[in-house]
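Heads up, model-v7.cif below (mmCIF, C-alpha atoms):
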```cif
data_input
loop_
_atom_site.label_atom_id
_atom_site.label_comp_id
_atom_site.auth_asym_id
_atom_site.auth_seq_id
_atom_site.Cartn_x
_atom_site.Cartn_y
_atom_site.Cartn_z
CA MET J 1416 10.21 -12.41 -17.26
CA PRO J 1417 11.21 -15.04 -14.68
CA VAL J 1418 12.18 -13.70 -11.28
CA PRO J 1419 16.00 -13.93 -10.82
CA GLU J 1420 17.19 -16.58 -8.37
CA PHE J 1421 18.02 -15.81 -4.76
CA ASP J 1422 18.33 -17.61 -1.45
CA TYR J 1423 15.38 -17.19 0.90
CA LEU J 1424 15.82 -16.78 4.64
CA ARG J 1425 13.01 -16.32 7.12
CA PRO J 1426 14.20 -15.22 10.58
CA HIS J 1427 11.69 -15.31 13.43
CA SER J 1428 13.24 -12.67 15.66
CA LEU J 1429 14.60 -9.18 15.16
CA SER J 1430 18.04 -10.23 16.43
CA ASP J 1431 18.21 -13.08 13.91
CA ALA J 1432 17.19 -10.69 11.12
CA LEU J 1433 19.88 -8.20 12.13
CA ALA J 1434 22.52 -10.95 12.25
CA LEU J 1435 21.57 -11.97 8.68
CA LEU J 1436 21.72 -8.34 7.53
CA GLN J 1437 25.19 -8.05 9.08
CA GLU J 1438 26.27 -11.20 7.27
CA TYR J 1439 24.91 -10.38 3.81
CA GLY J 1440 24.91 -6.56 3.82
CA GLU J 1441 24.11 -5.06 0.44
CA ARG J 1442 23.78 -8.52 -1.15
CA ALA J 1443 20.49 -8.90 0.75
CA LYS J 1444 17.08 -7.28 0.43
CA ILE J 1445 14.52 -7.21 3.21
CA LEU J 1446 11.14 -8.64 2.21
CA ALA J 1447 8.19 -7.30 4.22
CA GLY J 1448 4.81 -7.27 2.43
CA GLY J 1449 6.52 -7.54 -0.96
CA GLN J 1450 4.04 -5.33 -2.82
CA THR J 1451 6.87 -3.26 -4.30
CA LEU J 1452 9.85 -5.59 -4.01
CA ILE J 1453 8.28 -8.56 -5.79
CA PRO J 1454 7.27 -6.63 -8.93
CA ALA J 1455 10.76 -5.04 -8.82
CA LEU J 1456 12.23 -8.55 -8.85
CA SER J 1457 9.88 -9.60 -11.67
CA MET J 1458 10.97 -6.59 -13.73
CA GLY J 1459 14.65 -7.19 -13.03
CA LEU J 1460 14.98 -3.85 -11.21
CA SER J 1461 16.30 -5.53 -8.07
CA ARG J 1462 18.70 -8.51 -8.10
CA PRO J 1463 19.55 -9.50 -4.53
CA ASP J 1464 21.49 -12.69 -3.77
CA VAL J 1465 19.46 -13.19 -0.61
CA LEU J 1466 15.94 -12.29 0.45
CA ILE J 1467 15.48 -11.88 4.20
CA ASP J 1468 11.74 -12.31 4.80
CA ILE J 1469 10.84 -10.50 8.04
CA GLY J 1470 7.14 -11.38 7.66
CA GLY J 1471 7.41 -13.97 10.43
CA ILE J 1472 8.61 -11.51 13.10
CA SER J 1473 5.26 -10.99 14.77
CA ALA J 1474 6.72 -8.50 17.29
CA LEU J 1475 6.98 -5.99 14.43
CA ARG J 1476 3.27 -6.12 13.58
CA HIS J 1477 1.42 -3.82 15.96
CA ILE J 1478 -0.44 -0.52 16.28
CA ASP J 1479 -0.29 0.90 19.82
CA ALA J 1480 -1.18 4.03 21.73
CA ASP J 1481 1.97 5.79 22.97
CA GLY J 1482 1.03 8.47 25.49
CA ASP J 1483 -1.39 10.54 23.41
CA GLY J 1484 0.43 9.55 20.22
CA LEU J 1485 1.01 6.31 18.35
CA VAL J 1486 3.74 3.76 17.86
CA ILE J 1487 3.31 1.58 14.78
CA GLY J 1488 5.36 -1.53 14.05
CA ALA J 1489 7.09 -1.81 10.67
CA LEU J 1490 4.89 -4.74 9.62
CA ALA J 1491 1.56 -2.97 10.25
CA ARG J 1492 -0.29 -3.19 6.96
CA HIS J 1493 -1.83 -0.26 5.08
CA ARG J 1494 -5.29 -1.81 5.47
CA GLU J 1495 -4.81 -2.08 9.24
CA LEU J 1496 -3.79 1.59 9.51
CA GLU J 1497 -6.72 2.59 7.28
CA GLN J 1498 -9.24 0.75 9.48
CA SER J 1499 -7.73 0.97 12.99
CA ALA J 1500 -10.01 2.81 15.43
CA THR J 1501 -6.90 3.91 17.38
CA VAL J 1502 -5.33 5.46 14.29
CA LYS J 1503 -8.59 7.11 13.17
CA GLU J 1504 -9.06 8.66 16.61
CA ARG J 1505 -5.48 9.76 17.28
CA CYS J 1506 -4.15 10.43 13.82
CA PRO J 1507 -6.86 10.59 11.14
CA LEU J 1508 -4.34 12.07 8.69
CA LEU J 1509 -2.40 8.81 8.73
CA ALA J 1510 -5.54 6.70 8.24
CA ALA J 1511 -6.50 8.92 5.29
CA ALA J 1512 -3.01 8.56 3.77
CA ALA J 1513 -3.08 4.76 4.13
CA ALA J 1514 -6.49 4.58 2.42
CA LEU J 1515 -5.04 6.26 -0.70
CA ILE J 1516 -2.29 3.67 -1.25
CA GLY J 1517 -2.80 1.49 -4.34
CA HIS J 1518 -5.94 -0.63 -4.31
CA SER J 1519 -7.36 -2.70 -1.46
CA HIS J 1520 -5.59 -5.96 -2.41
CA VAL J 1521 -2.22 -4.23 -2.22
CA ARG J 1522 -3.22 -2.61 1.08
CA ASN J 1523 -3.97 -6.08 2.46
CA ARG J 1524 -0.29 -7.00 2.19
CA GLY J 1525 1.82 -3.84 1.97
CA THR J 1526 3.45 -2.55 5.16
CA ILE J 1527 4.36 0.89 6.50
CA GLY J 1528 7.94 -0.19 7.17
CA GLY J 1529 8.38 -1.52 3.65
CA SER J 1530 6.95 1.62 2.10
CA ILE J 1531 9.10 4.08 4.04
CA ALA J 1532 12.28 2.00 3.65
CA HIS J 1533 11.65 2.00 -0.10
CA ALA J 1534 11.12 5.81 -0.09
CA ASP J 1535 9.34 6.15 -3.41
CA PRO J 1536 9.16 9.91 -4.15
CA ALA J 1537 5.43 9.56 -4.96
CA ALA J 1538 4.47 7.44 -1.92
CA GLU J 1539 1.94 8.62 0.67
CA TYR J 1540 3.65 7.77 3.99
CA PRO J 1541 6.72 10.02 3.57
CA VAL J 1542 4.35 12.99 3.10
CA ALA J 1543 2.25 11.97 6.10
CA LEU J 1544 5.26 11.38 8.38
CA LEU J 1545 6.84 14.71 7.44
CA ALA J 1546 3.62 16.63 8.13
CA LEU J 1547 3.14 14.80 11.44
CA GLU J 1548 6.80 15.23 12.52
CA ALA J 1549 7.04 11.51 13.10
CA THR J 1550 10.18 9.60 14.06
CA VAL J 1551 11.44 6.50 12.27
CA GLU J 1552 12.95 3.88 14.56
CA LEU J 1553 15.80 1.74 13.26
CA ALA J 1554 17.57 -1.29 14.69
CA GLY J 1555 21.11 -2.27 13.79
CA PRO J 1556 24.39 -3.66 15.07
CA THR J 1557 25.06 -0.48 17.07
CA GLY J 1558 21.63 -0.57 18.73
CA PRO J 1559 18.38 1.29 18.19
CA GLN J 1560 18.32 4.70 16.55
CA ALA J 1561 15.48 7.22 16.19
CA VAL J 1562 15.58 9.44 13.12
CA PRO J 1563 13.18 12.38 12.63
CA ALA J 1564 11.23 12.00 9.37
CA ASP J 1565 12.79 15.17 7.93
CA GLN J 1566 16.23 13.60 8.26
CA PHE J 1567 15.14 10.14 7.06
CA PHE J 1568 13.97 10.71 3.48
CA LEU J 1569 17.13 11.86 1.69
CA GLY J 1570 16.25 11.45 -1.99
CA PRO J 1571 14.53 9.19 -4.49
CA PHE J 1572 14.57 5.65 -3.03
CA THR J 1573 17.22 6.84 -0.54
CA THR J 1574 16.91 7.01 3.24
CA ALA J 1575 19.16 7.55 6.25
CA ALA J 1576 18.97 3.81 7.08
CA ARG J 1577 22.30 2.04 6.53
CA PRO J 1578 22.38 -1.37 4.77
CA ASP J 1579 22.82 -3.12 8.15
CA GLN J 1580 19.82 -1.32 9.69
CA LEU J 1581 16.16 -2.28 9.67
CA VAL J 1582 13.11 -0.04 10.11
CA THR J 1583 11.31 -1.37 13.20
CA ALA J 1584 8.65 1.23 13.98
CA VAL J 1585 7.25 4.69 13.39
CA ARG J 1586 6.43 6.97 16.31
CA ILE J 1587 3.77 9.64 15.77
CA PRO J 1588 3.54 12.46 18.32
CA ALA J 1589 0.20 13.37 19.88
CA LEU J 1590 -1.83 15.74 17.76
CA ASP J 1591 -3.37 18.72 19.59
CA PRO J 1592 -7.12 18.40 18.98
CA THR J 1593 -7.23 22.09 18.09
CA VAL J 1594 -5.02 21.40 15.07
CA GLY J 1595 -6.83 20.65 11.80
CA TRP J 1596 -5.46 18.27 9.21
CA ASP J 1597 -5.92 17.27 5.60
CA PHE J 1598 -4.40 14.75 3.19
CA ARG J 1599 -5.18 14.58 -0.51
CA GLU J 1600 -3.56 13.62 -3.77
CA LEU J 1601 -3.96 13.99 -7.51
CA VAL J 1602 -3.95 10.74 -9.49
CA MET J 1603 -4.95 10.02 -13.07
CA ARG J 1604 -6.75 6.80 -12.02
CA SER J 1605 -7.52 5.55 -8.52
CA GLY J 1606 -4.62 3.51 -7.18
CA ASP J 1607 -1.98 5.17 -9.37
CA PHE J 1608 1.09 6.88 -7.98
CA ALA J 1609 0.35 10.48 -7.03
CA LEU J 1610 1.29 13.33 -9.35
CA VAL J 1611 0.82 15.63 -6.35
CA CYS J 1612 0.36 14.42 -2.77
CA VAL J 1613 -0.26 16.92 0.04
CA GLY J 1614 -0.46 16.52 3.84
CA VAL J 1615 -1.10 19.58 6.02
CA LEU J 1616 -1.70 20.58 9.63
CA VAL J 1617 -3.17 23.97 10.54
CA GLY J 1618 -3.42 25.44 14.05
CA LEU J 1619 -5.68 28.45 14.62
CA ASP J 1620 -6.02 30.86 17.52
CA GLY J 1621 -9.41 32.36 16.79
CA GLN J 1622 -8.95 33.51 13.22
CA ARG J 1623 -5.13 33.66 13.21
CA VAL J 1624 -2.83 30.87 11.97
CA THR J 1625 -0.55 29.77 14.83
CA ARG J 1626 0.95 26.69 13.27
CA ALA J 1627 1.29 25.29 9.77
CA ALA J 1628 2.90 22.13 8.45
CA ILE J 1629 2.82 21.52 4.70
CA ALA J 1630 4.39 18.38 3.24
CA VAL J 1631 4.33 17.58 -0.48
CA GLY J 1632 5.28 14.46 -2.43
CA GLY J 1633 5.01 13.15 -5.98
CA VAL J 1634 6.22 16.44 -7.47
CA GLY J 1635 9.99 16.05 -7.29
CA PRO J 1636 12.90 13.86 -6.17
CA THR J 1637 11.64 13.35 -2.61
CA ALA J 1638 8.81 14.26 -0.26
CA THR J 1639 9.56 17.52 1.49
CA ARG J 1640 8.26 20.10 3.99
CA LEU J 1641 7.64 23.54 2.55
CA ARG J 1642 9.24 25.58 5.36
CA LYS J 1643 9.18 28.97 3.61
CA THR J 1644 5.49 28.70 2.77
CA GLU J 1645 4.74 27.56 6.32
CA ALA J 1646 6.68 30.47 7.87
CA ALA J 1647 4.85 33.00 5.69
CA LEU J 1648 1.49 31.49 6.67
CA VAL J 1649 1.94 31.72 10.45
CA GLY J 1650 0.39 34.93 11.79
CA GLN J 1651 -1.93 35.39 8.81
CA GLY J 1652 -5.70 35.61 9.17
CA ALA J 1653 -7.61 32.45 8.23
CA SER J 1654 -9.28 33.31 4.92
CA SER J 1655 -9.75 31.97 1.42
CA GLU J 1656 -7.24 34.58 0.22
CA THR J 1657 -4.63 33.35 2.74
CA TRP J 1658 -4.99 29.77 1.53
CA ARG J 1659 -4.81 30.85 -2.10
CA VAL J 1660 -1.62 32.88 -1.53
CA ALA J 1661 -0.06 29.96 0.39
CA GLY J 1662 -0.91 27.60 -2.49
CA GLU J 1663 0.91 29.88 -4.92
CA ALA J 1664 3.89 30.12 -2.56
CA ALA J 1665 3.97 26.31 -2.33
CA ALA J 1666 4.05 26.04 -6.12
CA ARG J 1667 7.10 28.35 -6.15
CA GLU J 1668 8.85 26.49 -3.33
CA ILE J 1669 8.69 22.91 -4.71
CA ALA J 1670 11.48 21.53 -6.91
CA ALA J 1671 9.03 20.21 -9.52
CA THR J 1672 10.22 17.69 -12.09
CA GLY J 1673 8.57 16.66 -15.34
CA ASP J 1674 8.23 13.07 -16.50
CA VAL J 1675 6.08 10.88 -18.73
CA SER J 1676 3.06 11.41 -16.43
CA ALA J 1677 3.11 15.20 -16.07
CA THR J 1678 5.23 18.25 -16.86
CA ALA J 1679 6.89 20.32 -14.12
CA ASP J 1680 4.54 23.21 -14.97
CA TYR J 1681 1.52 20.96 -14.50
CA ARG J 1682 2.83 19.79 -11.13
CA ARG J 1683 3.39 23.41 -9.99
CA ALA J 1684 -0.07 24.48 -11.14
CA THR J 1685 -1.81 21.56 -9.45
CA THR J 1686 0.31 21.87 -6.28
CA ALA J 1687 -1.03 25.44 -5.90
CA VAL J 1688 -4.61 24.14 -6.07
CA TYR J 1689 -4.08 21.07 -3.87
CA VAL J 1690 -2.22 23.00 -1.13
CA GLU J 1691 -4.89 25.74 -1.18
CA GLU J 1692 -7.71 23.20 -0.89
CA ALA J 1693 -5.90 21.16 1.77
CA LEU J 1694 -5.29 24.24 3.95
CA HIS J 1695 -8.93 25.28 3.56
CA ALA J 1696 -10.12 21.79 4.56
CA ALA J 1697 -7.68 21.58 7.49
CA ALA J 1698 -8.78 24.96 8.84
CA SER J 1699 -12.41 23.81 8.68
CA ARG J 1700 -11.49 20.81 10.85
CA VAL J 1701 -10.08 22.97 13.69
CA ARG J 1702 -12.30 22.51 16.73
CA MET G 332 22.80 -21.62 -6.62
CA ALA G 333 19.61 -20.85 -4.79
CA ARG G 334 18.54 -23.40 -2.22
CA ASP G 335 15.09 -24.91 -2.77
CA VAL G 336 12.51 -24.68 -0.01
CA ARG G 337 9.97 -27.25 1.14
CA VAL G 338 6.51 -25.69 1.47
CA SER G 339 3.10 -26.92 2.44
CA ILE G 340 0.15 -24.88 1.16
CA THR G 341 -3.52 -25.78 1.36
CA VAL G 342 -5.28 -24.96 -1.90
CA ASN G 343 -9.06 -25.30 -2.20
CA ASP G 344 -8.99 -27.50 0.93
CA LEU G 345 -6.39 -29.91 -0.48
CA PRO G 346 -2.84 -30.04 0.94
CA TYR G 347 0.05 -29.53 -1.50
CA GLU G 348 3.56 -30.32 -0.27
CA ARG G 349 6.21 -29.29 -2.75
CA THR G 350 9.88 -28.36 -2.97
CA VAL G 351 10.06 -25.03 -4.78
CA ARG G 352 12.55 -22.48 -5.97
CA PRO G 353 12.44 -19.41 -3.68
CA ASN G 354 11.72 -17.19 -6.69
CA MET G 355 8.52 -19.04 -7.63
CA LEU G 356 5.51 -16.74 -7.43
CA LEU G 357 2.38 -17.97 -5.68
CA ALA G 358 0.59 -17.65 -9.04
CA GLU G 359 3.21 -19.91 -10.65
CA PHE G 360 2.85 -22.42 -7.79
CA LEU G 361 -0.92 -22.60 -8.37
CA ARG G 362 -0.55 -23.02 -12.13
CA GLN G 363 2.52 -25.26 -12.33
CA GLU G 364 2.52 -27.26 -9.09
CA CYS G 365 -1.24 -27.54 -8.54
CA GLY G 366 -2.31 -27.50 -12.19
CA LEU G 367 -4.88 -24.82 -11.37
CA THR G 368 -4.62 -22.65 -14.45
CA GLY G 369 -7.69 -20.57 -13.69
CA THR G 370 -5.41 -18.15 -11.85
CA HIS G 371 -4.11 -16.05 -14.74
CA LEU G 372 -0.80 -14.18 -14.83
CA GLY G 373 -1.19 -10.94 -16.73
CA CYS G 374 1.09 -8.06 -15.82
CA HIS G 375 3.42 -9.47 -13.13
CA GLN G 376 3.20 -6.04 -11.47
CA GLY G 377 0.09 -6.13 -9.31
CA ILE G 378 -1.84 -3.90 -11.70
CA CYS G 379 -4.21 -6.12 -13.71
CA GLY G 380 -5.61 -8.31 -10.92
CA SER G 381 -6.13 -11.43 -13.06
CA CYS G 382 -4.10 -13.48 -10.54
CA THR G 383 -6.33 -12.51 -7.57
CA VAL G 384 -6.81 -15.35 -5.07
CA LEU G 385 -7.84 -15.51 -1.42
CA VAL G 386 -5.06 -16.23 1.09
CA ASP G 387 -6.54 -17.07 4.48
CA GLY G 388 -9.73 -15.39 3.27
CA GLU G 389 -8.07 -12.14 2.17
CA PRO G 390 -7.87 -11.13 -1.49
CA VAL G 391 -4.28 -10.77 -2.68
CA LYS G 392 -2.49 -10.62 -6.00
CA ALA G 393 -0.70 -13.92 -6.47
CA CYS G 394 1.98 -12.24 -8.65
CA LEU G 395 2.96 -10.06 -5.68
CA GLN G 396 3.60 -12.95 -3.37
CA LEU G 397 6.19 -15.73 -3.42
CA ALA G 398 5.03 -19.30 -2.94
CA VAL G 399 7.39 -19.57 0.06
CA GLN G 400 5.58 -16.67 1.72
CA ALA G 401 2.31 -18.60 1.51
CA ALA G 402 3.74 -21.64 3.34
CA GLY G 403 1.23 -22.77 5.93
CA SER G 404 -1.56 -20.66 4.41
CA SER G 405 -4.90 -21.69 2.98
CA VAL G 406 -5.52 -20.46 -0.55
CA THR G 407 -8.81 -20.33 -2.46
CA THR G 408 -8.71 -20.05 -6.25
CA ILE G 409 -11.45 -19.76 -8.86
CA GLU G 410 -11.48 -23.58 -9.09
CA GLY G 411 -12.51 -23.69 -5.42
CA LEU G 412 -15.82 -21.87 -5.91
CA ALA G 413 -18.06 -24.23 -7.88
CA ALA G 414 -19.76 -26.96 -5.86
CA ALA G 415 -18.67 -30.57 -6.17
CA GLY G 416 -20.47 -31.83 -9.25
CA GLY G 417 -19.81 -28.57 -11.07
CA ALA G 418 -22.79 -26.38 -10.14
CA LEU G 419 -21.65 -22.78 -10.55
CA HIS G 420 -21.19 -20.57 -7.51
CA PRO G 421 -23.88 -17.82 -7.44
CA ILE G 422 -21.25 -15.21 -8.36
CA GLN G 423 -20.17 -17.26 -11.37
CA ALA G 424 -23.81 -17.80 -12.36
CA ALA G 425 -24.53 -14.06 -12.07
CA PHE G 426 -21.52 -13.23 -14.28
CA VAL G 427 -22.87 -15.57 -16.96
CA ALA G 428 -26.47 -14.39 -16.63
CA HIS G 429 -25.53 -10.70 -16.88
CA GLY G 430 -23.16 -11.01 -19.83
CA ALA G 431 -20.24 -9.87 -17.69
CA VAL G 432 -17.85 -12.27 -19.41
CA GLN G 433 -16.39 -11.28 -22.76
CA CYS G 434 -12.91 -12.66 -23.53
CA GLY G 435 -12.77 -14.09 -20.01
CA PHE G 436 -9.10 -13.50 -19.19
CA CYS G 437 -9.80 -11.17 -16.27
CA ILE G 438 -12.85 -13.04 -14.97
CA PRO G 439 -11.24 -15.40 -12.42
CA GLY G 440 -9.64 -12.40 -10.72
CA MET G 441 -12.83 -10.37 -10.95
CA ILE G 442 -14.83 -13.17 -9.37
CA MET G 443 -12.33 -13.71 -6.54
CA THR G 444 -12.42 -9.97 -5.81
CA ALA G 445 -16.23 -10.10 -5.78
CA LYS G 446 -16.16 -13.17 -3.52
CA ALA G 447 -13.95 -11.40 -0.96
CA LEU G 448 -16.13 -8.30 -1.11
CA LEU G 449 -19.40 -10.18 -0.57
CA ASP G 450 -17.89 -12.37 2.16
CA GLY G 451 -17.09 -9.25 4.19
CA ASN G 452 -19.94 -6.99 3.05
CA PRO G 453 -23.02 -8.93 1.86
CA ARG G 454 -24.93 -5.82 0.72
CA PRO G 455 -22.36 -3.46 -0.81
CA THR G 456 -23.33 -0.18 -2.45
CA VAL G 457 -22.56 0.35 -6.13
CA ASP G 458 -19.70 2.66 -5.11
CA GLN G 459 -18.25 -0.03 -2.87
CA ILE G 460 -18.48 -2.59 -5.69
CA ARG G 461 -16.77 -0.20 -8.08
CA ALA G 462 -14.00 0.57 -5.54
CA GLU G 463 -13.26 -3.14 -5.08
CA LEU G 464 -13.43 -4.02 -8.77
CA ALA G 465 -10.85 -1.25 -9.30
CA ASN G 466 -8.35 -3.91 -8.19
CA ASN G 467 -8.95 -5.65 -11.53
CA LEU G 468 -8.68 -4.54 -15.14
CA CYS G 469 -10.96 -5.68 -17.97
CA ARG G 470 -9.72 -4.83 -21.44
CA CYS G 471 -13.04 -5.67 -23.09
CA THR G 472 -14.50 -2.61 -21.23
CA GLY G 473 -17.25 -4.63 -19.63
CA TYR G 474 -17.35 -2.79 -16.30
CA VAL G 475 -21.05 -1.89 -16.21
CA LYS G 476 -22.11 -5.51 -16.59
CA LEU G 477 -19.50 -6.61 -14.07
CA VAL G 478 -20.94 -4.24 -11.46
CA ARG G 479 -24.49 -5.42 -12.25
CA ALA G 480 -23.41 -9.04 -11.94
CA VAL G 481 -21.94 -8.44 -8.47
CA GLU G 482 -25.12 -6.61 -7.39
CA ALA G 483 -27.21 -9.53 -8.63
CA ALA G 484 -24.96 -12.09 -6.92
CA ALA G 485 -25.30 -10.19 -3.65
CA LEU G 486 -29.09 -10.49 -3.87
CA VAL G 487 -28.92 -14.24 -4.53
CA LEU G 488 -26.40 -14.86 -1.75
CA ALA G 489 -28.48 -12.83 0.74
CA LYS G 490 -31.41 -15.24 0.31
#
```
Please express what this file holds, its structure, as structure tokens.
Amino acid sequence: MPVPEFDYLRPHSLSDALALLQEYGERAKILAGGQTLIPALSMGLSRPDVLIDIGGISALRHIDADGDGLVIGALARHRELEQSATVKERCPLLAAAAALIGHSHVRNRGTIGGSIAHADPAAEYPVALLALEATVELAGPTGPQAVPADQFFLGPFTTAARPDQLVTAVRIPALDPTVGWDFRELVMRSGDFALVCVGVLVGLDGQRVTRAAIAVGGVGPTATRLRKTEAALVGQGASSETWRVAGEAAAREIAATGDVSATADYRRATTAVYVEEALHAAASRVR
Amino acid sequence: MARDVRVSITVNDLPYERTVRPNMLLAEFLRQECGLTGTHLGCHQGICGSCTVLVDGEPVKACLQLAVQAAGSSVTTIEGLAAAGGALHPIQAAFVAHGAVQCGFCIPGMIMTAKALLDGNPRPTVDQIRAELANNLCRCTGYVKLVRAVEAAALVLAK
């Protein structure tokens, strides 16, 4: 199918991009790496009048240390996050999540800002950002705004960003080196969208769980933190039985949906296993 | 009506200056504007990999990029690999020698993926070859011979 027609605009500064967004509003789509938007155009799923290509705004393409944490520009590519020594050292969970996105050719072009603005319910970054308690930074006509990840992802393909706002960066807080992490997903073939995607952090004081973050995606309408399962886990002894019980609690807490790829029951059953294994692996990474 | 855009893209070391519709895919630009039909368009969704080309040395799917986005870039397609005079590139020769080509539709993409891999990693492991070739689908199920061909090409190129 031919791609529908649109006007193409390529601003070279953030302020120019924001002015264009103001002018065209919902008639415009932002083009970053294009790895999702262009196939959506080809399939007729998206029909903007105007494409605003932000690929030329070099100020948005960066990966920087921020205190002991990270600040990552919206145009940082998946491949760059996967391979960055700074990301691997400060936030290995994020590097692991980036490495699971699509195949390498897609990771060469796809961007973190594009992925989170799109908010696919089966995407990796929403899960990672929720587990890490990251903040999404937006720019718009009323100035910059910082939105915590758990208030950013509102539903399938729906975020807190207004049509006149642009994702500019993601800020990841410093990770205590005594906190273990894990990120894993279930796919039918490598590169497919996840049926279950899990990101966890586990803090231990000796053999007792002091902190737990469990984020899950791919199973329902949006990526989500499993607060009830986390609360029940804190204070428990670190043991295989604890991880198994938490996995079962996670399976009960998710709002699993069935589709052509997997039934809701299958997603619940595999969530139990993936959360159990992720917690086990994270606990083994605690130093 | 969409406004056309003037672009200049270097393809296989030759400059192409064209006025294009903004919705023209890079793969369509290569086929229609440059007449380089070795870049195949299969799925239009970034899944099959038959449109794989190198943009500034990096492998990308030319159905997931607009021609206007490639303005100012240097693109290498399958037609850019063989030497002047037509001698096959060692990767092409290895694909022929190892029977890796069946119907041939996926092969330009496969070879461009292999080229990018061997450019960055001259002695890849079998697992690394398999992970990179996962960017490309072959519906004749010829994967074993494809992996062997890339291994053999790596040995030739290392000499």
Taking the file above as input, evaluate the PyMOL selection byres ((chain J) within 6 of (chain G)) and report the hits as a VMD selection string. chain J and resid 1418 1420 to 1423 1450 1453 to 1454 1518 1520
Export of prior selection with C-alpha atoms as an mmCIF file, keeping the file's coordinate frame:
```cif
data_model
loop_
_atom_site.group_PDB
_atom_site.id
_atom_site.type_symbol
_atom_site.label_atom_id
_atom_site.label_comp_id
_atom_site.auth_asym_id
_atom_site.auth_seq_id
_atom_site.Cartn_x
_atom_site.Cartn_y
_atom_site.Cartn_z
ATOM 1 C CA VAL J 1418 12.180 -13.700 -11.280
ATOM 2 C CA GLU J 1420 17.190 -16.580 -8.370
ATOM 3 C CA PHE J 1421 18.020 -15.810 -4.760
ATOM 4 C CA ASP J 1422 18.330 -17.610 -1.450
ATOM 5 C CA TYR J 1423 15.380 -17.190 0.900
ATOM 6 C CA GLN J 1450 4.040 -5.330 -2.820
ATOM 7 C CA ILE J 1453 8.280 -8.560 -5.790
ATOM 8 C CA PRO J 1454 7.270 -6.630 -8.930
ATOM 9 C CA HIS J 1518 -5.940 -0.630 -4.310
ATOM 10 C CA HIS J 1520 -5.590 -5.960 -2.410
#
```
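The spacing separating CA of Val1688 in chain J from CA of Arg1494 in chain J amounts to 28.4 Å.
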Decode the PyMOL selection byres ((chain G and resi 485) around 12) for the given file into explicit residues and return them as a PDB file with C-alpha atoms, in the frame of the given file.
```
ATOM      1  CA  HIS G 420     -21.190 -20.570  -7.510  1.00  0.00           C
ATOM      2  CA  PRO G 421     -23.880 -17.820  -7.440  1.00  0.00           C
ATOM      3  CA  ILE G 422     -21.250 -15.210  -8.360  1.00  0.00           C
ATOM      4  CA  GLN G 423     -20.170 -17.260 -11.370  1.00  0.00           C
ATOM      5  CA  ALA G 424     -23.810 -17.800 -12.360  1.00  0.00           C
ATOM      6  CA  ALA G 425     -24.530 -14.060 -12.070  1.00  0.00           C
ATOM      7  CA  PHE G 426     -21.520 -13.230 -14.280  1.00  0.00           C
ATOM      8  CA  ALA G 445     -16.230 -10.100  -5.780  1.00  0.00           C
ATOM      9  CA  LYS G 446     -16.160 -13.170  -3.520  1.00  0.00           C
ATOM     10  CA  ALA G 447     -13.950 -11.400  -0.960  1.00  0.00           C
ATOM     11  CA  LEU G 448     -16.130  -8.300  -1.110  1.00  0.00           C
ATOM     12  CA  LEU G 449     -19.400 -10.180  -0.570  1.00  0.00           C
ATOM     13  CA  ASP G 450     -17.890 -12.370   2.160  1.00  0.00           C
ATOM     14  CA  GLY G 451     -17.090  -9.250   4.190  1.00  0.00           C
ATOM     15  CA  ASN G 452     -19.940  -6.990   3.050  1.00  0.00           C
ATOM     16  CA  PRO G 453     -23.020  -8.930   1.860  1.00  0.00           C
ATOM     17  CA  ARG G 454     -24.930  -5.820   0.720  1.00  0.00           C
ATOM     18  CA  PRO G 455     -22.360  -3.460  -0.810  1.00  0.00           C
ATOM     19  CA  THR G 456     -23.330  -0.180  -2.450  1.00  0.00           C
ATOM     20  CA  VAL G 457     -22.560   0.350  -6.130  1.00  0.00           C
ATOM     21  CA  ILE G 460     -18.480  -2.590  -5.690  1.00  0.00           C
ATOM     22  CA  VAL G 478     -20.940  -4.240 -11.460  1.00  0.00           C
ATOM     23  CA  ARG G 479     -24.490  -5.420 -12.250  1.00  0.00           C
ATOM     24  CA  ALA G 480     -23.410  -9.040 -11.940  1.00  0.00           C
ATOM     25  CA  VAL G 481     -21.940  -8.440  -8.470  1.00  0.00           C
ATOM     26  CA  GLU G 482     -25.120  -6.610  -7.390  1.00  0.00           C
ATOM     27  CA  ALA G 483     -27.210  -9.530  -8.630  1.00  0.00           C
ATOM     28  CA  ALA G 484     -24.960 -12.090  -6.920  1.00  0.00           C
ATOM     29  CA  LEU G 486     -29.090 -10.490  -3.870  1.00  0.00           C
ATOM     30  CA  VAL G 487     -28.920 -14.240  -4.530  1.00  0.00           C
ATOM     31  CA  LEU G 488     -26.400 -14.860  -1.750  1.00  0.00           C
ATOM     32  CA  ALA G 489     -28.480 -12.830   0.740  1.00  0.00           C
ATOM     33  CA  LYS G 490     -31.410 -15.240   0.310  1.00  0.00           C
TER      34      LYS G 490
END
```
Which residues are near Thr1557 in chain J? Cut-off 12 Å, all atoms listed in the file, ignore same chain within fewer than 4 positions. Put them as an NGL selection string. :J and (1433-1434 or 1437 or 1553 or 1577 or 1579-1581)
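Picture a line from CA of Thr1501 in chain J to CA of Ala1480 in chain J; it runs 7.2 Å.
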What do you get, as an MDAnalysis selection string, if you spell out every residue that the PyMOL selection byres ((chain J and resi 1639) around 10) selects here? chainID J and resid 1536 1541:1542 1545:1546 1564:1565 1568:1570 1613 1629:1638 1640:1642 1669:1670
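Nearest residue to Glu1656 in chain J, choosing from J:Leu1694, J:Ala1537, J:Ala1677, J:Leu1466 and counting all atoms listed in the file: J:Leu1694.
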